[in-house]
Each structure stands twice: as structure tokens, then as C-alpha cells.
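What follows is run.cif (mmCIF, C-alpha atoms and all ligand atoms).
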```
data_my_file
loop_
_atom_site.label_atom_id
_atom_site.label_comp_id
_atom_site.auth_asym_id
_atom_site.auth_seq_id
_atom_site.Cartn_x
_atom_site.Cartn_y
_atom_site.Cartn_z
CA MET W 704 140.92 206.71 -5.36
CA ASP W 705 141.00 204.77 -2.09
CA ALA W 706 137.32 203.98 -1.62
CA GLU W 707 137.84 203.01 2.00
CA LEU W 708 137.79 206.58 3.27
CA ILE W 709 134.05 206.28 3.47
CA ILE W 710 131.88 203.21 3.80
CA ILE W 711 128.38 203.21 2.34
CA GLU W 712 125.85 200.90 3.98
CA PRO W 713 122.51 200.85 2.17
CA ARG W 714 119.55 199.66 4.22
CA PHE W 715 117.00 199.43 1.44
CA ALA W 716 114.45 197.63 3.64
CA ASP W 717 114.27 200.82 5.71
CA LYS W 718 114.75 203.11 2.68
CA ILE W 719 117.80 204.66 4.29
CA ALA W 720 121.55 204.65 3.71
CA LEU W 721 124.44 205.14 6.11
CA ILE W 722 127.68 206.84 5.16
CA LYS W 723 130.47 206.12 7.60
CA LEU W 724 133.54 208.37 7.60
CA ASN W 725 136.47 206.03 7.80
CA ARG W 726 139.85 207.56 8.70
CA PRO W 727 139.83 206.42 12.32
CA LYS W 728 143.56 206.90 12.96
CA GLU W 729 143.27 210.56 11.93
CA LEU W 730 140.00 211.02 13.87
CA ASN W 731 138.23 211.22 10.50
CA ALA W 732 140.07 214.40 9.49
CA LEU W 733 138.38 215.52 6.30
CA ASN W 734 141.01 215.49 3.59
CA LEU W 735 140.34 216.32 -0.05
CA GLN W 736 139.91 212.72 -1.10
CA LEU W 737 137.45 211.90 1.65
CA MET W 738 135.36 214.94 0.78
CA LEU W 739 135.38 213.98 -2.92
CA GLU W 740 134.19 210.50 -1.99
CA LEU W 741 131.54 211.94 0.29
CA LYS W 742 130.38 214.22 -2.50
CA SER W 743 130.04 211.38 -5.00
CA ALA W 744 128.34 209.12 -2.43
CA LEU W 745 125.77 211.81 -1.70
CA THR W 746 125.17 212.45 -5.41
CA GLU W 747 124.64 208.74 -5.98
CA LEU W 748 122.35 208.22 -2.98
CA ASP W 749 120.36 211.35 -3.77
CA ALA W 750 119.55 209.84 -7.18
CA ASN W 751 118.72 206.38 -5.81
CA ASN W 752 114.95 205.84 -5.48
CA GLU W 753 115.49 203.09 -2.90
CA VAL W 754 116.87 205.65 -0.46
CA ARG W 755 114.81 208.34 1.23
CA VAL W 756 117.04 209.46 4.12
CA ILE W 757 120.83 209.53 4.49
CA ILE W 758 122.77 209.26 7.75
CA ILE W 759 126.38 210.45 8.01
CA THR W 760 128.33 209.07 10.94
CA GLY W 761 131.87 208.48 12.17
CA ASN W 762 132.95 206.24 15.02
CA GLU W 763 132.56 206.44 18.79
CA LYS W 764 135.71 208.53 19.25
CA ALA W 765 135.26 210.96 16.39
CA PHE W 766 132.62 212.12 13.99
CA ALA W 767 135.34 214.26 12.38
CA ALA W 768 138.12 216.36 13.93
CA GLY W 769 138.03 218.93 11.14
CA ALA W 770 139.66 219.57 7.81
CA ASP W 771 143.02 217.84 7.46
CA ILE W 772 145.49 220.24 9.05
CA LYS W 773 148.49 218.30 7.77
CA GLN W 774 147.22 218.58 4.21
CA MET W 775 146.66 222.34 4.57
CA ALA W 776 149.66 223.34 6.67
CA ASP W 777 152.05 224.25 3.85
CA GLN W 778 149.52 225.64 1.41
CA SER W 779 149.75 229.21 0.14
CA ALA W 780 146.70 231.42 -0.26
CA ILE W 781 146.93 230.88 -4.02
CA ASP W 782 147.06 227.09 -3.54
CA MET W 783 143.97 227.31 -1.35
CA LEU W 784 142.19 229.49 -3.89
CA ARG W 785 143.09 227.20 -6.79
CA THR W 786 142.13 223.99 -4.99
CA ASP W 787 139.02 225.66 -3.57
CA GLN W 788 138.50 222.61 -1.40
CA PHE W 789 135.36 223.85 0.28
CA SER W 790 133.51 224.04 -3.04
CA THR W 791 133.19 220.24 -2.74
CA TRP W 792 131.10 220.87 0.35
CA ASP W 793 128.45 222.69 -1.68
CA GLN W 794 127.19 219.31 -2.87
CA ILE W 795 126.18 218.44 0.69
CA ARG W 796 124.03 221.56 0.76
CA LYS W 797 122.55 220.57 -2.61
CA THR W 798 121.46 217.11 -1.47
CA LYS W 799 117.67 216.98 -1.76
CA LYS W 800 117.09 214.13 0.66
CA PRO W 801 117.30 214.75 4.39
CA ILE W 802 120.68 214.06 5.97
CA ILE W 803 121.04 213.18 9.65
CA ALA W 804 124.43 213.45 11.36
CA ALA W 805 124.91 210.73 13.99
CA VAL W 806 127.68 212.16 16.15
CA SER W 807 129.86 210.63 18.84
CA GLY W 808 133.15 212.05 20.10
CA PHE W 809 134.79 214.96 18.31
CA ALA W 810 132.88 217.12 15.83
CA LEU W 811 135.37 219.93 15.40
CA GLY W 812 136.12 222.58 12.80
CA GLY W 813 135.05 221.13 9.47
CA GLY W 814 133.50 218.24 11.43
CA CYS W 815 131.19 220.66 13.20
CA GLU W 816 130.54 222.45 9.90
CA LEU W 817 129.66 219.14 8.28
CA CYS W 818 127.10 218.61 11.08
CA LEU W 819 125.71 222.08 10.40
CA LEU W 820 125.28 221.16 6.73
CA CYS W 821 123.23 218.14 7.74
CA ASP W 822 119.54 218.67 8.50
CA MET W 823 119.43 217.12 11.97
CA ILE W 824 121.96 215.97 14.52
CA VAL W 825 121.65 213.01 16.89
CA ALA W 826 124.46 213.18 19.45
CA SER W 827 125.88 210.63 21.85
CA GLU W 828 126.55 211.78 25.42
CA THR W 829 130.27 211.82 24.57
CA ALA W 830 129.93 214.17 21.61
CA GLN W 831 131.95 217.39 21.65
CA PHE W 832 131.39 220.25 19.25
CA GLY W 833 133.74 223.11 18.52
CA GLN W 834 135.24 225.49 16.00
CA PRO W 835 138.88 225.46 17.16
CA GLU W 836 140.35 226.96 13.97
CA ILE W 837 141.22 230.15 15.87
CA LYS W 838 143.76 228.12 17.88
CA ILE W 839 145.69 227.28 14.72
CA GLY W 840 145.70 230.82 13.41
CA VAL W 841 142.75 230.65 11.05
CA MET W 842 138.95 230.69 11.22
CA PRO W 843 136.10 228.46 10.05
CA GLY W 844 136.03 228.25 6.25
CA ALA W 845 133.32 225.72 5.47
CA GLY W 846 130.31 227.69 6.64
CA GLY W 847 130.87 227.87 10.41
CA THR W 848 130.73 231.65 10.72
CA GLN W 849 127.38 231.68 8.90
CA ARG W 850 125.58 228.49 9.86
CA LEU W 851 126.58 228.35 13.53
CA PRO W 852 125.07 231.77 14.42
CA ARG W 853 121.96 230.84 12.46
CA ALA W 854 121.73 227.62 14.49
CA VAL W 855 122.60 228.83 17.99
CA GLY W 856 122.51 232.62 17.88
CA LYS W 857 125.25 235.24 17.76
CA ALA W 858 126.55 235.13 21.34
CA MET W 859 127.27 231.40 21.54
CA ALA W 860 128.58 231.26 17.98
CA MET W 861 130.91 234.17 18.67
CA GLU W 862 132.16 232.54 21.87
CA MET W 863 132.78 229.17 20.21
CA ILE W 864 134.49 230.68 17.16
CA LEU W 865 136.59 233.29 18.98
CA THR W 866 137.75 231.08 21.89
CA GLY W 867 137.87 227.74 20.10
CA GLN W 868 136.46 226.07 23.22
CA PHE W 869 134.52 222.85 22.77
CA ILE W 870 131.03 222.33 24.12
CA ASP W 871 129.69 218.98 25.28
CA ALA W 872 126.58 217.23 24.02
CA ASN W 873 124.26 218.52 26.75
CA GLU W 874 125.34 222.10 26.15
CA ALA W 875 124.89 221.54 22.41
CA TYR W 876 121.35 220.36 23.14
CA ARG W 877 120.67 223.29 25.46
CA ILE W 878 121.61 225.83 22.80
CA GLY W 879 119.65 224.06 20.07
CA LEU W 880 122.57 222.77 18.03
CA VAL W 881 121.48 219.12 18.23
CA ASN W 882 118.11 217.37 18.14
CA LYS W 883 118.76 214.87 20.90
CA VAL W 884 121.41 213.40 23.16
CA VAL W 885 121.40 209.69 23.92
CA PRO W 886 123.82 207.17 25.46
CA VAL W 887 126.75 206.29 23.22
CA GLU W 888 125.54 202.67 22.88
CA ILE W 889 122.42 203.76 21.03
CA TYR W 890 123.22 206.98 19.16
CA LEU W 891 123.36 205.30 15.77
CA ASN W 892 120.17 203.31 16.42
CA GLU W 893 118.49 206.52 17.48
CA ALA W 894 119.56 208.20 14.22
CA VAL W 895 118.22 205.20 12.30
CA ARG W 896 114.94 205.42 14.23
CA LEU W 897 114.59 209.09 13.29
CA ALA W 898 115.52 208.32 9.67
CA ARG W 899 112.90 205.56 9.45
CA GLN W 900 110.24 207.90 10.79
CA ILE W 901 111.04 210.38 7.98
CA ALA W 902 111.40 207.62 5.38
CA ALA W 903 107.80 206.57 6.10
CA GLN W 904 106.50 209.95 4.86
CA SER W 905 105.95 211.03 1.27
CA PRO W 906 109.46 211.55 -0.14
CA ILE W 907 108.26 214.36 -2.40
CA ALA W 908 106.66 216.22 0.51
CA VAL W 909 109.81 215.63 2.57
CA GLN W 910 112.02 216.99 -0.22
CA LEU W 911 109.94 220.13 -0.72
CA ALA W 912 109.60 220.67 3.03
CA LYS W 913 113.38 220.43 3.48
CA GLU W 914 113.92 222.80 0.57
CA SER W 915 111.46 225.27 2.11
CA VAL W 916 113.00 225.13 5.60
CA LEU W 917 116.44 225.85 4.14
CA LYS W 918 115.04 228.93 2.46
CA ALA W 919 114.38 230.33 5.94
CA PHE W 920 118.15 230.85 6.16
CA GLU W 921 118.70 232.06 2.65
CA MET W 922 115.83 234.30 1.57
CA PRO W 923 114.00 237.35 2.88
CA LEU W 924 110.82 236.31 4.71
CA GLN W 925 108.24 237.44 2.17
CA GLU W 926 109.89 235.64 -0.76
CA ALA W 927 110.45 232.56 1.36
CA LEU W 928 106.76 232.53 2.29
CA TYR W 929 105.79 232.62 -1.39
CA PHE W 930 108.31 229.85 -2.06
CA GLU W 931 106.75 227.75 0.72
CA ARG W 932 103.23 228.38 -0.56
CA LYS W 933 104.10 227.28 -4.11
CA ASN W 934 105.71 224.11 -2.81
CA PHE W 935 102.59 223.44 -0.73
CA TYR W 936 100.29 223.92 -3.72
CA MET W 937 102.57 221.82 -5.93
CA LEU W 938 102.16 218.83 -3.62
CA PHE W 939 98.53 218.64 -4.73
CA ALA W 940 99.87 217.30 -8.03
CA THR W 941 101.15 214.17 -6.25
CA GLU W 942 99.48 210.81 -5.70
CA ASP W 943 100.96 210.90 -2.21
CA GLN W 944 98.81 213.91 -1.30
CA LYS W 945 95.66 212.06 -2.48
CA GLU W 946 96.77 208.94 -0.62
CA GLY W 947 97.70 210.84 2.57
CA MET W 948 94.43 212.72 2.80
CA ALA W 949 92.30 209.68 1.77
CA ALA W 950 94.06 207.58 4.43
CA PHE W 951 93.25 210.21 7.05
CA VAL W 952 89.57 210.23 6.08
CA GLU W 953 89.45 206.41 5.95
CA LYS W 954 91.30 206.15 9.29
CA ARG W 955 94.15 203.99 7.93
CA THR W 956 97.93 204.30 7.56
CA PRO W 957 98.94 205.95 4.27
CA ASP W 958 101.14 204.08 1.82
CA PHE W 959 103.31 206.71 0.17
CA LYS W 960 104.81 205.74 -3.18
CA GLY W 961 106.82 208.86 -3.93
CA LYS W 962 104.64 209.74 -6.93
N1 LIG K 1 143.87 217.13 10.74
C1 LIG K 1 144.83 216.21 10.59
N2 LIG K 1 145.10 215.28 11.52
C2 LIG K 1 144.39 215.29 12.65
C3 LIG K 1 143.36 216.21 12.87
C4 LIG K 1 143.10 217.16 11.84
N3 LIG K 1 142.11 218.07 11.92
N4 LIG K 1 142.82 215.97 14.08
C5 LIG K 1 143.48 214.92 14.59
N5 LIG K 1 144.44 214.50 13.74
C6 LIG K 1 145.39 213.41 13.90
C7 LIG K 1 146.49 213.78 14.87
O1 LIG K 1 147.49 214.53 14.24
C8 LIG K 1 146.96 212.40 15.31
O2 LIG K 1 147.76 211.86 14.31
P1 LIG K 1 149.20 211.19 14.70
O3 LIG K 1 148.80 209.99 15.53
O4 LIG K 1 149.78 210.83 13.38
O5 LIG K 1 149.94 212.21 15.47
C9 LIG K 1 145.67 211.59 15.33
O6 LIG K 1 144.75 212.30 14.51
C10 LIG K 1 145.07 211.47 16.72
O7 LIG K 1 144.92 212.80 17.25
P2 LIG K 1 145.51 213.24 18.69
O8 LIG K 1 146.70 212.42 19.05
O9 LIG K 1 145.68 214.72 18.67
O10 LIG K 1 144.28 212.81 19.62
P3 LIG K 1 143.85 213.45 21.03
O11 LIG K 1 142.77 212.56 21.53
O12 LIG K 1 145.03 213.72 21.87
O13 LIG K 1 143.23 214.89 20.65
C11 LIG K 1 141.82 216.40 19.40
C12 LIG K 1 142.06 214.96 19.90
C13 LIG K 1 141.52 217.33 20.55
C14 LIG K 1 140.60 216.33 18.46
C15 LIG K 1 143.05 216.89 18.60
O14 LIG K 1 143.44 215.88 17.67
C16 LIG K 1 142.84 218.16 17.84
O15 LIG K 1 142.85 219.22 18.43
N6 LIG K 1 142.67 218.06 16.50
C17 LIG K 1 142.53 219.22 15.63
C18 LIG K 1 141.17 219.88 15.75
C19 LIG K 1 141.11 221.10 14.87
O16 LIG K 1 141.83 222.06 15.06
N7 LIG K 1 140.20 221.07 13.87
C20 LIG K 1 140.04 222.18 12.94
C21 LIG K 1 140.81 221.90 11.68
S1 LIG K 1 140.81 223.27 10.55
C22 LIG K 1 139.30 223.24 9.80
O17 LIG K 1 138.50 222.35 10.04
C23 LIG K 1 139.00 224.36 8.83
C24 LIG K 1 137.60 224.43 8.36
O18 LIG K 1 136.88 225.36 8.65
C25 LIG K 1 137.05 223.39 7.49
#
```
Could I get this structure in the form of C-alpha cells?
Amino acid sequence: MDAELIIIEPRFADKIALIKLNRPKELNALNLQLMLELKSALTELDANNEVRVIIITGNEKAFAAGADIKQMADQSAIDMLRTDQFSTWDQIRKTKKPIIAAVSGFALGGGCELCLLCDMIVASETAQFGQPEIKIGVMPGAGGTQRLPRAVGKAMAMEMILTGQFIDANEAYRIGLVNKVVPVEIYLNEAVRLARQIAAQSPIAVQLAKESVLKAFEMPLQEALYFERKNFYMLFATEDQKEGMAAFVEKRTPDFKGK
């Protein structure tokens, strides 16, 4: 496997790790190999105690321009079914640590769906989001028809998916798709700043909070509320809960150990 399709940059001092998608000539089109590498990088980083938050980024021109059209163009339905390429993407959903997408330039098709699989999105002013699959005779296949309406509502999701039109970063912010929009020079730093803020919290509380928020999209309300409550109660088994509450009472900054 050509390991250069993604670059992993651990920043252990900050307890974060950056994954950079690295097919610049193809605008980071997400071919099978890249997605396999991304999957194994996420599995590895999720298990690494030195890392509390993961950032996925591309380059200034493209976060990712979608699944690799050239790789798919001649496939039959049976080929697609057998390869089942989007099953690789399930690992991203399974990642327990928070993932921030730092997006500049194109985030299209699978690129937009990859953003939707992340937990937060920091966009540069040049970012463009879209689900243009309709223009090549198909439709989103990596979660776009389900996660986009959950993120931005039915009307905007329908418009983006049925017309294939891109939206710019400010529009993405207006409809609640992204957390913030900043100048292109600082979008990665801004994502790192956000990641450091989260990395300073108790990693166990962060993990269970992320898990609980995701249930809001996957479970009926009553069951999800019970799920949340149990996670809340479970945190009282951690040293971090004792430390966090003691630090509040003693008016000092907590030192969370992840225990
Ligand atoms: N797959 C494969 N190659 C791609 C690609 C993709 N999704 N997107 C861009 N590229 C390649 C181009 O073919 C081109 O390669 P060559 O130099 O060898 O011709 C190179 O990247 C640069 O692209 P352009 O010359 O097209 O750059 P541009 O600036 O003129 O246009 C763009 C940029 C508007 C993003 C345009 O490249 C484009 O429309 N790309 C396709 C976007 C798309 O349809 N994405 C959805 C893919 S399907 C999908 O993702 C399914 C799913 O649900 C997961």
C-alpha cells in the first residue's frame, strides 16, 4: 500500500493528531486505497492514549472532491456490491474520539459526506460544499441523503442533493452545516485551537458525550434519554469526575487523567 495517500501528524504535546488527505493532483478524490488508509489511521489513533482529538484535513484547494469517479466509472452494480466500498466508511462513524474536519476548498460528494461523518467542521472562507452526484447520474452513497437532512433540514438537503449545486462557506454556516468560518490562512490553526479545547477535558466524559449526541440521530428520544442518563451516571465511576468537581469547589483548574 502506498502510505502517502494520507499523512499522519501526531501532536502529542497537545494530545491531538492531524490526518492530512494527500492526493492533491486528484483534489483528494477518495479512492479505495485512501479510504482503507484512513480507516486504519483512525483505528490506530482511536486506540492511542496520547491522542484525545483527531483532525482530518486536506489542502487549501480541496478537502476532498468526492469518491474517485475514475475508479467507479466502469463498475457494474455487482462489482459495487461485492467491493462494498462504503463499508470502509463505517469505521469513521465508529471512532470514539471526536473528529474535527478542517475544510478549505472543495468538499464535494464523498468529501462532503466525510465532513458529515466528522463531529465538527471548521471551514475556511474558500470552502465549498456540495453533493453533485446527481450531475453524474447517481446519488450520494456514503450517508449524504441521511446525514445532510439531519444536519441542515429537509429543504436545503433536498435542494443540494437534487440540483448538485455547491454552497459556499458562509451559506454552510448560515444553515448550520459548519461550526465556524475563518480566513483561509488560519483555518487549520482554528481547528487545532478547537481540538485543544476539547483535549483539555476529561477524555472519558468527552467520549461518552460524543456517543450520546450521536444517539440523537439514531434512536427514538425516550431510549436516547435513558442512554444519556446511564452515561452520565457512569461518569461518577471516574477519577476525572472527582477531580473535576473537586477543582470547581477548590477554585482551581482540573487536571484530567482519563481515568
Ligand atoms: N474523482 C476522480 N478524479 C477527480 C475527482 C473525483 N471525484 N474530482 C476531481 N478529479 C480530478 C480531475 O479529473 C482532474 O484530473 P486530471 O487532471 O487528470 O484531469 C483533477 O482532479 C483536477 O480536477 P479539475 O481539472 O476538474 O479541477 P477544476 O478546478 O476544474 O474543477 C471540481 C474542480 C469542480 C471539483 C471538479 O473536479 C469536479 O466536479 N469534480 C467531481 C466532483 C464530484 O462529482 N464529486 C462526487 C463524486 S461521486 C461520490 O462522491 C459518490 C459518493 O456518494 C461517495
Quick one: axis-aligned box around all listed atoms of ligand LIG 1 (chain K), 6 Å on every side, centre and edge lengths in Å to one decimal, written as lines of an AutoDock Vina configuration file.
```
center_x = 143.4
center_y = 217.7
center_z = 14.7
size_x = 25.1
size_y = 27.4
size_z = 26.4
```
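Separating atom C25 of ligand LIG 1 (chain K) from CA of Glu712 (chain W) is a distance of 25.4 Å.
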Q | Option closest in space to Lys799 (chain W), from W:Gln910, W:Ser827, W:Gln925, W:Thr786 [counting all atoms listed in the file] | A | W:Gln910
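Atom to atom, CA of Asn882 (chain W) and CA of Val806 (chain W) stand 11.1 Å apart.
The closest residue to ligand LIG 1 (chain K), picked from W:Gly856, W:Gly814, W:Pro843, W:Pro906 and counting all atoms listed in the file, is W:Pro843.
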Is there a way to complete region 856-885 of chain W with N, CA and C atoms and then write that out as a PDB file, keeping the file's coordinate frame?
```
ATOM      1  N   GLY W 856     122.514 231.212  17.514  1.00  0.00           N
ATOM      2  CA  GLY W 856     122.510 232.620  17.880  1.00  0.00           C
ATOM      3  C   GLY W 856     123.916 233.204  17.909  1.00  0.00           C
ATOM      4  N   LYS W 857     123.966 234.541  17.909  1.00  0.00           N
ATOM      5  CA  LYS W 857     125.250 235.240  17.760  1.00  0.00           C
ATOM      6  C   LYS W 857     126.198 235.015  18.942  1.00  0.00           C
ATOM      7  N   ALA W 858     125.663 235.130  20.157  1.00  0.00           N
ATOM      8  CA  ALA W 858     126.550 235.130  21.340  1.00  0.00           C
ATOM      9  C   ALA W 858     127.317 233.819  21.460  1.00  0.00           C
ATOM     10  N   MET W 859     126.600 232.699  21.379  1.00  0.00           N
ATOM     11  CA  MET W 859     127.270 231.400  21.540  1.00  0.00           C
ATOM     12  C   MET W 859     128.206 231.117  20.367  1.00  0.00           C
ATOM     13  N   ALA W 860     127.746 231.501  19.159  1.00  0.00           N
ATOM     14  CA  ALA W 860     128.580 231.260  17.980  1.00  0.00           C
ATOM     15  C   ALA W 860     129.874 232.064  18.099  1.00  0.00           C
ATOM     16  N   MET W 861     129.743 233.317  18.514  1.00  0.00           N
ATOM     17  CA  MET W 861     130.910 234.170  18.670  1.00  0.00           C
ATOM     18  C   MET W 861     131.869 233.556  19.690  1.00  0.00           C
ATOM     19  N   GLU W 862     131.308 233.109  20.812  1.00  0.00           N
ATOM     20  CA  GLU W 862     132.160 232.540  21.870  1.00  0.00           C
ATOM     21  C   GLU W 862     132.887 231.290  21.360  1.00  0.00           C
ATOM     22  N   MET W 863     132.144 230.409  20.698  1.00  0.00           N
ATOM     23  CA  MET W 863     132.780 229.170  20.210  1.00  0.00           C
ATOM     24  C   MET W 863     133.853 229.471  19.168  1.00  0.00           C
ATOM     25  N   ILE W 864     133.565 230.414  18.271  1.00  0.00           N
ATOM     26  CA  ILE W 864     134.490 230.680  17.160  1.00  0.00           C
ATOM     27  C   ILE W 864     135.696 231.511  17.621  1.00  0.00           C
ATOM     28  N   LEU W 865     135.478 232.424  18.569  1.00  0.00           N
ATOM     29  CA  LEU W 865     136.590 233.290  18.980  1.00  0.00           C
ATOM     30  C   LEU W 865     137.474 232.672  20.078  1.00  0.00           C
ATOM     31  N   THR W 866     136.907 231.734  20.870  1.00  0.00           N
ATOM     32  CA  THR W 866     137.750 231.080  21.890  1.00  0.00           C
ATOM     33  C   THR W 866     138.237 229.719  21.430  1.00  0.00           C
ATOM     34  N   GLY W 867     137.499 229.084  20.529  1.00  0.00           N
ATOM     35  CA  GLY W 867     137.870 227.740  20.100  1.00  0.00           C
ATOM     36  C   GLY W 867     137.508 226.660  21.109  1.00  0.00           C
ATOM     37  N   GLN W 868     136.830 227.052  22.200  1.00  0.00           N
ATOM     38  CA  GLN W 868     136.460 226.070  23.220  1.00  0.00           C
ATOM     39  C   GLN W 868     135.419 225.104  22.697  1.00  0.00           C
ATOM     40  N   PHE W 869     135.518 223.849  23.157  1.00  0.00           N
ATOM     41  CA  PHE W 869     134.520 222.850  22.770  1.00  0.00           C
ATOM     42  C   PHE W 869     133.322 222.947  23.707  1.00  0.00           C
ATOM     43  N   ILE W 870     132.176 222.504  23.230  1.00  0.00           N
ATOM     44  CA  ILE W 870     131.030 222.330  24.120  1.00  0.00           C
ATOM     45  C   ILE W 870     130.625 220.854  24.101  1.00  0.00           C
ATOM     46  N   ASP W 871     130.076 220.396  25.240  1.00  0.00           N
ATOM     47  CA  ASP W 871     129.690 218.980  25.280  1.00  0.00           C
ATOM     48  C   ASP W 871     128.279 218.811  24.727  1.00  0.00           C
ATOM     49  N   ALA W 872     127.851 217.549  24.677  1.00  0.00           N
ATOM     50  CA  ALA W 872     126.580 217.230  24.020  1.00  0.00           C
ATOM     51  C   ALA W 872     125.396 217.903  24.714  1.00  0.00           C
ATOM     52  N   ASN W 873     125.411 217.925  26.053  1.00  0.00           N
ATOM     53  CA  ASN W 873     124.260 218.520  26.750  1.00  0.00           C
ATOM     54  C   ASN W 873     124.162 220.020  26.503  1.00  0.00           C
ATOM     55  N   GLU W 874     125.333 220.671  26.462  1.00  0.00           N
ATOM     56  CA  GLU W 874     125.340 222.100  26.150  1.00  0.00           C
ATOM     57  C   GLU W 874     124.866 222.323  24.706  1.00  0.00           C
ATOM     58  N   ALA W 875     125.306 221.437  23.816  1.00  0.00           N
ATOM     59  CA  ALA W 875     124.890 221.540  22.410  1.00  0.00           C
ATOM     60  C   ALA W 875     123.365 221.398  22.307  1.00  0.00           C
ATOM     61  N   TYR W 876     122.809 220.529  23.140  1.00  0.00           N
ATOM     62  CA  TYR W 876     121.350 220.360  23.140  1.00  0.00           C
ATOM     63  C   TYR W 876     120.676 221.600  23.706  1.00  0.00           C
ATOM     64  N   ARG W 877     121.256 222.114  24.790  1.00  0.00           N
ATOM     65  CA  ARG W 877     120.670 223.290  25.460  1.00  0.00           C
ATOM     66  C   ARG W 877     120.593 224.491  24.520  1.00  0.00           C
ATOM     67  N   ILE W 878     121.610 224.658  23.683  1.00  0.00           N
ATOM     68  CA  ILE W 878     121.610 225.830  22.800  1.00  0.00           C
ATOM     69  C   ILE W 878     120.960 225.549  21.437  1.00  0.00           C
ATOM     70  N   GLY W 879     120.422 224.357  21.280  1.00  0.00           N
ATOM     71  CA  GLY W 879     119.650 224.060  20.070  1.00  0.00           C
ATOM     72  C   GLY W 879     120.490 223.626  18.873  1.00  0.00           C
ATOM     73  N   LEU W 880     121.718 223.215  19.148  1.00  0.00           N
ATOM     74  CA  LEU W 880     122.570 222.770  18.030  1.00  0.00           C
ATOM     75  C   LEU W 880     122.201 221.349  17.597  1.00  0.00           C
ATOM     76  N   VAL W 881     121.776 220.517  18.564  1.00  0.00           N
ATOM     77  CA  VAL W 881     121.480 219.120  18.230  1.00  0.00           C
ATOM     78  C   VAL W 881     120.026 218.787  18.574  1.00  0.00           C
ATOM     79  N   ASN W 882     119.509 217.757  17.911  1.00  0.00           N
ATOM     80  CA  ASN W 882     118.110 217.370  18.140  1.00  0.00           C
ATOM     81  C   ASN W 882     117.936 216.581  19.423  1.00  0.00           C
ATOM     82  N   LYS W 883     118.881 215.664  19.689  1.00  0.00           N
ATOM     83  CA  LYS W 883     118.760 214.870  20.900  1.00  0.00           C
ATOM     84  C   LYS W 883     120.112 214.326  21.313  1.00  0.00           C
ATOM     85  N   VAL W 884     120.189 213.986  22.602  1.00  0.00           N
ATOM     86  CA  VAL W 884     121.410 213.400  23.160  1.00  0.00           C
ATOM     87  C   VAL W 884     121.022 212.070  23.789  1.00  0.00           C
ATOM     88  N   VAL W 885     121.726 211.022  23.408  1.00  0.00           N
ATOM     89  CA  VAL W 885     121.400 209.690  23.920  1.00  0.00           C
ATOM     90  C   VAL W 885     122.699 208.978  24.304  1.00  0.00           C
TER      91      VAL W 885
END
```
